[in-house]
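Please read the structure below before turning to the comments.
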Amino acid sequence: MKLKIIYTIAFVLFVNILSAQEKLPVVKATSKIADVRDGDNFLKSYWKITPEAKPDIYITSSKGRKVIFYTDRDSISVKVTPTTKFDFIILLNDSVKALTEILYKPGYLEILKTADKYNINDNRFIPKFTYQSMNDSNLVVLRKGFKLDSIAGEGNEVSKILNLLLWVHNLIPHDGNHENPVIKNAMSMIAECKRDNRGLNCRGMATVLNECYLSIGIPSRIVTCRPKDSVFTDCHVINMVYAKDLKKWLWIDPTNYAYVMNEKGELLSVDEVRDRLIHDKPMILNPDANWNHKESKTKQEYLYQYMAKNLFRIECPLESKYDNETWNNVKMIDYVELLSLNAYNQLPQKTISLPYKGITIINYKTNNPSFFWALPE
């Protein structure tokens, strides 16, 4: 008797599901490939109709705009809201049903805009950021070995910063698919890239450029830019470089030969770019920004998508110095992470880890941007 009841309930549920699907909007198709217009973006031959997915979900962040699916025979449109979960049927060759769903999820810029609040009164102890002297013996060898004074040129400080940016961008190709060499300093990595005809990932490129700046007396830091999620597969590493003449930090990205300006053409810092993204202020990306001289970078793709994703959390080493992350040469290394008030994992404020024998890593967290972006003393 119980088994009969179970079968009856299952049959009723199955019939209800079929009935519900029959009531869904239906668009016809004979091709498995469809076009999608998502807000202002037209995605030609983007969607592959997959009946097996049940449902096949298209995710959009185009709040207040329309998403339109175009098959070879029909189309369907929905205006996207924060609650959009729109189901419809694509009927392939008048026989095969593909349950399809348009689902709204907030985009990277919208997520970043929730991270606008810090705490300038956060006075939890963190040691000060330091910058190695250009007279350090390793930096002297780097400067003289590559004639960096000549590469930087005799112009003003900003021109020197941009000349060194271009030199590293042209010297080393970006390769984000492989680990950096074991020895992580500029002299060694440049030599290994030349010998093995290889590139570096974004952290390696920022490390080389950072040490070049330090070698000619320009304070600089490696900046790890991360998304909101504590578990992630992609982040980006750039440099923040101090221009004494301007009395400010500058956004410098050797991977993409990128720097950012305001509407007056004035160079911006990492925190200024982040603030302008959050508050919809205008920005200009240098027009020759590029990846490996193969792909131009646009403001929309680079800033409003990729970097909007990666500016939620920001981390720097406390000490900016030569060979800072070669583990077999380092006994202890400290990092500081700047977190907005709505970021995950606010506590503990200080953690100590021992990833390898003889190596100690200390991680500090702060909500105080004034401390994190402090100018060099």
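Residues in the structure tokens are numbered from 1 in each chain, the chains being A, B, ... in the order shown, and ligands are numbered from 1 in the order shown.
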Inset, instruction - Would you list the contacts of Tyr58 (chain A) as a PyMOL selection string, taking every protein, DNA or RNA residue within 7 Å and counting only C-alpha atoms, but skipping same-chain residues closer than 5 positions in sequence? - result: chain A and resi 101-103
Legend entry - Polymer residues at most 12 Å from Asn138 (chain A), only C-alpha atoms, same-chain spacing of 2 or more positions, as a PyMOL selection string: chain A and resi 132-136+140-145+185-188+211-212+214-215+321-324
Each residue of region 104-141 of chain A with at least one atom at most 12 Å from region 361-370 of chain A should appear once, together with its nearest atom pair and the corresponding distance in Å (one decimal); atoms considered: only C-alpha atoms; ordering: chain, then increasing residue number; output as a tab-separated table.
```
residue	atom	partner	partner_atom	distance
A:Ala115	CA	A:Asn367	CA	11.2
A:Asp116	CA	A:Pro369	CA	11.0
A:Lys117	CA	A:Asn367	CA	8.7
A:Tyr118	CA	A:Asn367	CA	5.3
A:Asn119	CA	A:Asn368	CA	5.2
A:Ile120	CA	A:Asn368	CA	4.6
A:Asn121	CA	A:Asn368	CA	6.7
A:Asp122	CA	A:Asn368	CA	5.4
A:Asn123	CA	A:Asn368	CA	7.7
A:Arg124	CA	A:Thr366	CA	7.4
A:Phe125	CA	A:Tyr364	CA	8.8
A:Ile126	CA	A:Tyr364	CA	6.8
A:Pro127	CA	A:Tyr364	CA	9.3
A:Lys128	CA	A:Tyr364	CA	11.5
```
Residues just named, written with C-alpha atoms as a PDB file, in the first residue's frame:
```
ATOM      1  CA  ALA A 115      32.729  47.676  -0.592  1.00  0.00           C
ATOM      2  CA  ASP A 116      32.952  51.448  -0.245  1.00  0.00           C
ATOM      3  CA  LYS A 117      33.089  51.693   3.556  1.00  0.00           C
ATOM      4  CA  TYR A 118      36.294  51.580   5.601  1.00  0.00           C
ATOM      5  CA  ASN A 119      37.169  52.607   9.159  1.00  0.00           C
ATOM      6  CA  ILE A 120      39.750  55.388   9.402  1.00  0.00           C
ATOM      7  CA  ASN A 121      39.708  54.931  13.185  1.00  0.00           C
ATOM      8  CA  ASP A 122      41.031  51.380  12.995  1.00  0.00           C
ATOM      9  CA  ASN A 123      44.196  51.727  15.101  1.00  0.00           C
ATOM     10  CA  ARG A 124      45.099  48.063  15.507  1.00  0.00           C
ATOM     11  CA  PHE A 125      48.867  47.700  15.486  1.00  0.00           C
ATOM     12  CA  ILE A 126      50.661  47.083  12.211  1.00  0.00           C
ATOM     13  CA  PRO A 127      54.348  47.891  11.587  1.00  0.00           C
ATOM     14  CA  LYS A 128      55.066  50.660   9.083  1.00  0.00           C
TER      15      LYS A 128
END
```
Inset, instruction - Quick one: pick out all strand (DSSP E or B) residues within region 35-254 of chain A from a backbone DSSP run and write them as a count of residues only. - result: 69
Legend entry - A:Leu268, A:Leu318, A:Ala53, A:Ile238 ranked by distance to Glu337 (chain A), top pick (using only C-alpha atoms):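 Ranking A:Leu268, A:Leu318, A:Ala53, A:Ile238 by distance to Glu337 (chain A), first place goes to A:Leu318.
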